[in-house]
Amino acid sequence: MKKTGMAKTDAKKLMGKTAAPGLSGFENVEVATIDRREQRKRDQALGLVPFAVKLNSDLVLQLQALAKERGVELNVLVADVLAKGLVA
């Protein structure tokens with residue numbers, strides 16, 4: 001392999017390390033990240049089901065503002081609002 005080819009390979013390895021999820025900069029220190037498969041298993045164990053809907057942007061902004069005001073995640077707020085709405 002030529003010297004330039006080796007340099008390109010080294011650069012790709014370096015870029016792969018910096019872009020790898022769970023790594024902080026150039027260090028090999030693992031950050032507490034959960035991959036999607038593990039997160040899906042955790043959600044299933046809690047009985048959570050992904051539910052995608054399309055909403056008007058004004059309604060989404062209201063929900064986001066309300067979630068920020070209450071200091072809760074958007075998922076928690078939407079579940080709460082839906083539960084209260086279905087009871088009423």
# chains A, B, ... in the order shown; residues from 1 in each chain; ligands from 1
>>> select_by_dssp(residues="chain A", states="alpha helix (DSSP H)", output="number ranges by chain")
A: 3-19, 36-45, 57-70, 74-87
>>> closest_residue(among="A:Leu74, A:Asp35, A:Lys3, A:Leu48", to="A:Leu61", atoms="only C-alpha atoms")
A:Leu74
>>> closest_residue(among="A:Ile34, A:Leu86, A:Ala79, A:Ala67", to="A:Val49", atoms="only C-alpha atoms")
A:Ala79
>>> atom_distance(atom1="atom CA of A:Leu59", atom2="atom CA of A:Val81")
12.4 Å
